[in-house]
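Accompanying notes for the structure given below.
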Amino acid sequence: MTTDLPSLRQSLDAHGLMAKKSFGQHFLLDLNVTRKIARLAGPFAGDAVIEVGPGPGGLTRALIESDADRVIAIEKDARFLPLLGELDDGSGRLQLVEGDALKVDERTLVDGPTHLVSNLPYNVGTALLIKWLTGPWTPASMTLMFQKEVAQRVVAQPGEDAYGRLAVICQALCEARMVMSLPAAAFTPPPKVASAVVHLVPHAERLAEARIRKLERVTAAAFGQRRKMLRSSLKPLGGAALCEAAGIEPDARAETIDVAGFLRLADALT
């Protein structure tokens with residue numbers, strides 16, 4: 001049982017471990033918080049769970065306590081593998097994978113519905129999210145902690161300052177909502193910014209690969225020059241003619257166009 005284990009701080013001290021700035025590590029040592037995140041992510045109903053960047057294993061402990069059938073923890077920093085190995089009760093439910101989550105092919109690790117639950121390293125959080133959204137492997141759900149600014153960009157609506165390319169791609173592919181906020185003081189060492197947890201559930205009908213690629217092209221152009229009218233920012237892709245084909249006002253700006261509008265622009269792209 002994880003309740004029989006030493007505290008996270010004791011485990012870190014016993015192994016002489018500290019956070020590495022180069023890995024974007026900020027540890028969540030309050031088990032009440034990690035258990036709340038696991039509850040917000042579940043129930044898992046016997047499905048597998050992947051955690052990226054478990055570090056000292058606070059969230060890992062909460063996931064092992066959950067109804068997940070298997071917990072697969074992917075850790076790039078080999079220093080933490082012996083500590084995480086102490087969480088293995090011999091049941092086979094915990095699998096440790098040493099590797100870079102940006103390069104891991106999740107299809108080789110799991111078969112069947114799998115949920116992602118992670119306190120993501122700040123320096124690769126957005127890149128990992130885009131990988132899971134647009135890559136060949138689709139999780140059953142994602143409950144992910146980011147810097148609060150990134151979390152706001154995921155759930156932002158048209159007209160809001162945070163609304164941009166990330167919001168459009170996330171919301172075209174998932175239902176996304178912010179479910180928890182955490183102050184910097186909740187972490188060791190405390191980062192310079194607050195954090196937030198976002199829960200994403202992929203739509204039942206996934207967009208076709210070609211449509212996703214077109215959406216990426218349109219949003220990159222539109223938000224790459226977000227202060228310009230779409231007739232100008234989308235000029236390399238067809239400009240005013242593209243807008244008109246999609247039923248979009250060419251004089252509109254990117255931040256005013258909803259997700260459905262961007263999908264029409266992607267569909268109108270030849």
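Ligands are numbered from 1 in the order shown, chains are lettered A, B, ... in the order of the structure tokens, and residues start at 1 in each chain.
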
Within 10 Å of A:Leu31, counting only C-alpha atoms, which residues qualify if same-chain residues fewer than 2 places away don't, as a list in words?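 Once the adjacent positions are removed, what remains is Ser7, Leu8, Leu28, Leu29, Val33, Thr34, Arg35, Lys36, Ile37, Gly57, Gly58, Leu59, Arg61 and Ala62 of chain A.
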
Dump C-alpha atoms for the selected residues as a CSV table (one decimal), in the first residue's frame?
```
chain,number,residue,atom,x,y,z
A,7,SER,CA,6.7,10.7,2.6
A,8,LEU,CA,7.7,12.1,-0.7
A,28,LEU,CA,4.0,18.3,-6.3
A,29,LEU,CA,4.6,16.8,-2.9
A,33,VAL,CA,-3.5,17.4,-4.2
A,34,THR,CA,-2.2,14.5,-6.3
A,35,ARG,CA,-5.2,12.3,-5.1
A,36,LYS,CA,-7.6,15.1,-6.2
A,37,ILE,CA,-6.0,15.2,-9.6
A,57,GLY,CA,6.0,9.8,-7.7
A,58,GLY,CA,3.4,11.8,-5.9
A,59,LEU,CA,0.9,11.5,-8.7
A,61,ARG,CA,1.1,7.0,-5.9
A,62,ALA,CA,-2.4,8.4,-6.4
```

Got a sec: who's within 10 Å of A:Ser181, counting only C-alpha atoms, leaving out chain neighbours fewer than 4 positions off, as a list in words?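 So, after excluding close chain neighbours, the residues are Met145, Phe146, Gln147, Lys148, Ala151, Ala194, Ser195, Ala196, Val197 and Val198 of chain A.
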
Can you work out the spacing between atom CA of A:Glu106 and atom CA of A:Leu94 in Å, to one decimal?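 Straight-line distance from atom CA of A:Glu106 to atom CA of A:Leu94 works out to 15.6 Å.
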
Which residue gives the smallest distance to A:Ala254 among A:Ala208, A:Val168, A:Ala14, A:Met178, with only C-alpha atoms counted?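 Smallest distance to A:Ala254 is found for A:Val168.
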
Which residues come within 6 Å of stretch 44-52 of chain A, counting only C-alpha atoms, excluding same-chain residues fewer than 2 positions away, as a PyMOL selection string? chain A and resi 42+54+67-74+113-118

Can you tell me how far atom CA of A:Pro190 sits from atom CA of A:Gly99, in Å to one decimal? 25.2 Å

Could you find all residues in stretch 13-71 of chain A that DSSP calls alpha helix (DSSP H) from the backbone, and write them as a list in words?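 So the alpha helix (DSSP H) residues in stretch 13-71 of chain A would be Asp13, Ala14, His15, Leu31, Asn32, Val33, Thr34, Arg35, Lys36, Ile37, Ala38, Arg39, Leu40, Ala41, Gly58, Leu59, Thr60, Arg61, Ala62, Leu63, Ile64 and Glu65 of chain A.
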
Residues from the last selection, N, CA and C atoms, saved as a PDB file, in the first residue's frame:
```pdb
ATOM      1  N   ASP A  13      14.910  12.959   0.016  1.00  0.00           N
ATOM      2  CA  ASP A  13      16.102  13.119   0.860  1.00  0.00           C
ATOM      3  C   ASP A  13      16.919  11.828   0.908  1.00  0.00           C
ATOM      4  N   ALA A  14      16.221  10.687   1.016  1.00  0.00           N
ATOM      5  CA  ALA A  14      16.906   9.396   1.115  1.00  0.00           C
ATOM      6  C   ALA A  14      17.717   9.099  -0.139  1.00  0.00           C
ATOM      7  N   HIS A  15      17.232   9.570  -1.290  1.00  0.00           N
ATOM      8  CA  HIS A  15      17.929   9.325  -2.552  1.00  0.00           C
ATOM      9  C   HIS A  15      18.802  10.510  -2.963  1.00  0.00           C
ATOM     10  N   LEU A  31       0.166  14.953  -1.181  1.00  0.00           N
ATOM     11  CA  LEU A  31      -0.584  13.792  -1.673  1.00  0.00           C
ATOM     12  C   LEU A  31      -2.086  14.051  -1.718  1.00  0.00           C
ATOM     13  N   ASN A  32      -2.576  14.977  -0.920  1.00  0.00           N
ATOM     14  CA  ASN A  32      -3.997  15.336  -1.016  1.00  0.00           C
ATOM     15  C   ASN A  32      -4.295  15.950  -2.386  1.00  0.00           C
ATOM     16  N   VAL A  33      -3.348  16.760  -2.876  1.00  0.00           N
ATOM     17  CA  VAL A  33      -3.524  17.387  -4.195  1.00  0.00           C
ATOM     18  C   VAL A  33      -3.405  16.346  -5.301  1.00  0.00           C
ATOM     19  N   THR A  34      -2.406  15.474  -5.210  1.00  0.00           N
ATOM     20  CA  THR A  34      -2.237  14.470  -6.271  1.00  0.00           C
ATOM     21  C   THR A  34      -3.424  13.509  -6.310  1.00  0.00           C
ATOM     22  N   ARG A  35      -3.983  13.189  -5.158  1.00  0.00           N
ATOM     23  CA  ARG A  35      -5.170  12.319  -5.147  1.00  0.00           C
ATOM     24  C   ARG A  35      -6.374  13.026  -5.760  1.00  0.00           C
ATOM     25  N   LYS A  36      -6.475  14.336  -5.549  1.00  0.00           N
ATOM     26  CA  LYS A  36      -7.575  15.088  -6.162  1.00  0.00           C
ATOM     27  C   LYS A  36      -7.443  15.082  -7.688  1.00  0.00           C
ATOM     28  N   ILE A  37      -6.221  15.239  -8.180  1.00  0.00           N
ATOM     29  CA  ILE A  37      -5.996  15.205  -9.634  1.00  0.00           C
ATOM     30  C   ILE A  37      -6.393  13.843 -10.194  1.00  0.00           C
ATOM     31  N   ALA A  38      -6.024  12.771  -9.491  1.00  0.00           N
ATOM     32  CA  ALA A  38      -6.385  11.423  -9.950  1.00  0.00           C
ATOM     33  C   ALA A  38      -7.904  11.243  -9.972  1.00  0.00           C
ATOM     34  N   ARG A  39      -8.580  11.811  -8.988  1.00  0.00           N
ATOM     35  CA  ARG A  39     -10.056  11.718  -8.955  1.00  0.00           C
ATOM     36  C   ARG A  39     -10.665  12.500 -10.122  1.00  0.00           C
ATOM     37  N   LEU A  40     -10.119  13.691 -10.396  1.00  0.00           N
ATOM     38  CA  LEU A  40     -10.628  14.496 -11.509  1.00  0.00           C
ATOM     39  C   LEU A  40     -10.414  13.789 -12.849  1.00  0.00           C
ATOM     40  N   ALA A  41      -9.358  13.009 -12.932  1.00  0.00           N
ATOM     41  CA  ALA A  41      -9.032  12.303 -14.181  1.00  0.00           C
ATOM     42  C   ALA A  41      -9.881  11.058 -14.374  1.00  0.00           C
ATOM     43  N   GLY A  58       4.590  11.437  -6.635  1.00  0.00           N
ATOM     44  CA  GLY A  58       3.394  11.815  -5.879  1.00  0.00           C
ATOM     45  C   GLY A  58       2.113  11.478  -6.622  1.00  0.00           C
ATOM     46  N   LEU A  59       2.049  11.851  -7.885  1.00  0.00           N
ATOM     47  CA  LEU A  59       0.876  11.528  -8.687  1.00  0.00           C
ATOM     48  C   LEU A  59       0.832  10.029  -8.988  1.00  0.00           C
ATOM     49  N   THR A  60       2.007   9.424  -9.148  1.00  0.00           N
ATOM     50  CA  THR A  60       2.081   7.973  -9.389  1.00  0.00           C
ATOM     51  C   THR A  60       1.421   7.212  -8.249  1.00  0.00           C
ATOM     52  N   ARG A  61       1.694   7.618  -7.024  1.00  0.00           N
ATOM     53  CA  ARG A  61       1.073   6.964  -5.867  1.00  0.00           C
ATOM     54  C   ARG A  61      -0.450   7.049  -5.946  1.00  0.00           C
ATOM     55  N   ALA A  62      -0.951   8.229  -6.296  1.00  0.00           N
ATOM     56  CA  ALA A  62      -2.401   8.412  -6.379  1.00  0.00           C
ATOM     57  C   ALA A  62      -2.999   7.550  -7.489  1.00  0.00           C
ATOM     58  N   LEU A  63      -2.289   7.412  -8.594  1.00  0.00           N
ATOM     59  CA  LEU A  63      -2.791   6.604  -9.711  1.00  0.00           C
ATOM     60  C   LEU A  63      -2.773   5.118  -9.361  1.00  0.00           C
ATOM     61  N   ILE A  64      -1.762   4.683  -8.602  1.00  0.00           N
ATOM     62  CA  ILE A  64      -1.711   3.285  -8.160  1.00  0.00           C
ATOM     63  C   ILE A  64      -2.886   2.989  -7.225  1.00  0.00           C
ATOM     64  N   GLU A  65      -3.288   3.983  -6.442  1.00  0.00           N
ATOM     65  CA  GLU A  65      -4.427   3.809  -5.528  1.00  0.00           C
ATOM     66  C   GLU A  65      -5.765   3.801  -6.269  1.00  0.00           C
TER      67      GLU A  65
END
```

What is the distance, in Å and to one decimal place, between atom CA of A:Gly164 and atom CA of A:Ser141?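 These two atoms are separated by 22.1 Å.
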
Can you list every residue in stretch 36-269 of chain A that DSSP puts in strand (DSSP E or B), as a VMD selection string? chain A and resid 48 to 52 70 to 75 94 to 98 114 to 119 141 to 147 174 to 182 187 to 188 195 to 202 229 253

Need to verify the contact set: stretch 134-137 of chain A, 12 Å, only C-alpha atoms, exclusion of same-chain residues closer than 4 positions in sequence. Can you return it as an MDAnalysis selection string? chainID A and resid 102:116 127:130 141 166 169:170 172:174 202 206:216

Between A:Val154, A:Ser232, A:Gly90, A:Thr219, which is the closest to A:Gly261 once you count only C-alpha atoms?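 Comparing A:Val154, A:Ser232, A:Gly90, A:Thr219 against A:Gly261, the winner is A:Thr219.
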
In terms of the shortest atom-to-atom distance over only C-alpha atoms, which of A:Leu234, A:Leu265, A:Ala186, A:Ala167 is closest to A:Arg153?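 Result for the nearest residue to A:Arg153: A:Ala167.
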
Which residue is closest to A:Ala241? Choose from A:Thr270, A:Asp88, A:Leu200, A:Pro82 and count only C-alpha atoms. A:Thr270

Could you give me, as JSON, numbers by chain, the residues within 12 Å of A:Pro236, counting only C-alpha atoms and dropping anything in the same chain fewer than 6 positions from it? {"A": [217, 218, 220, 221, 222, 230, 242, 269, 270]}

Here is a test: counting only C-alpha atoms, which residue of A:Arg165, A:Lys192, A:His203, A:Arg177 is nearest to A:Ile257?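 Of A:Arg165, A:Lys192, A:His203, A:Arg177, the one nearest A:Ile257 is A:Arg165, counting only C-alpha atoms.
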
Residues near A:Asp258, cut-off 9 Å, only C-alpha atoms, skip fewer than 5 positions along chain, as a PDB file with C-alpha atoms, in the first residue's frame:
```
ATOM      1  CA  GLN A 157     -12.907  31.185 -26.488  1.00  0.00           C
ATOM      2  CA  PRO A 158     -13.018  33.550 -29.503  1.00  0.00           C
ATOM      3  CA  VAL A 168      -8.511  25.971 -32.054  1.00  0.00           C
ATOM      4  CA  LEU A 263     -12.650  24.019 -39.886  1.00  0.00           C
TER       5      LEU A 263
END
```
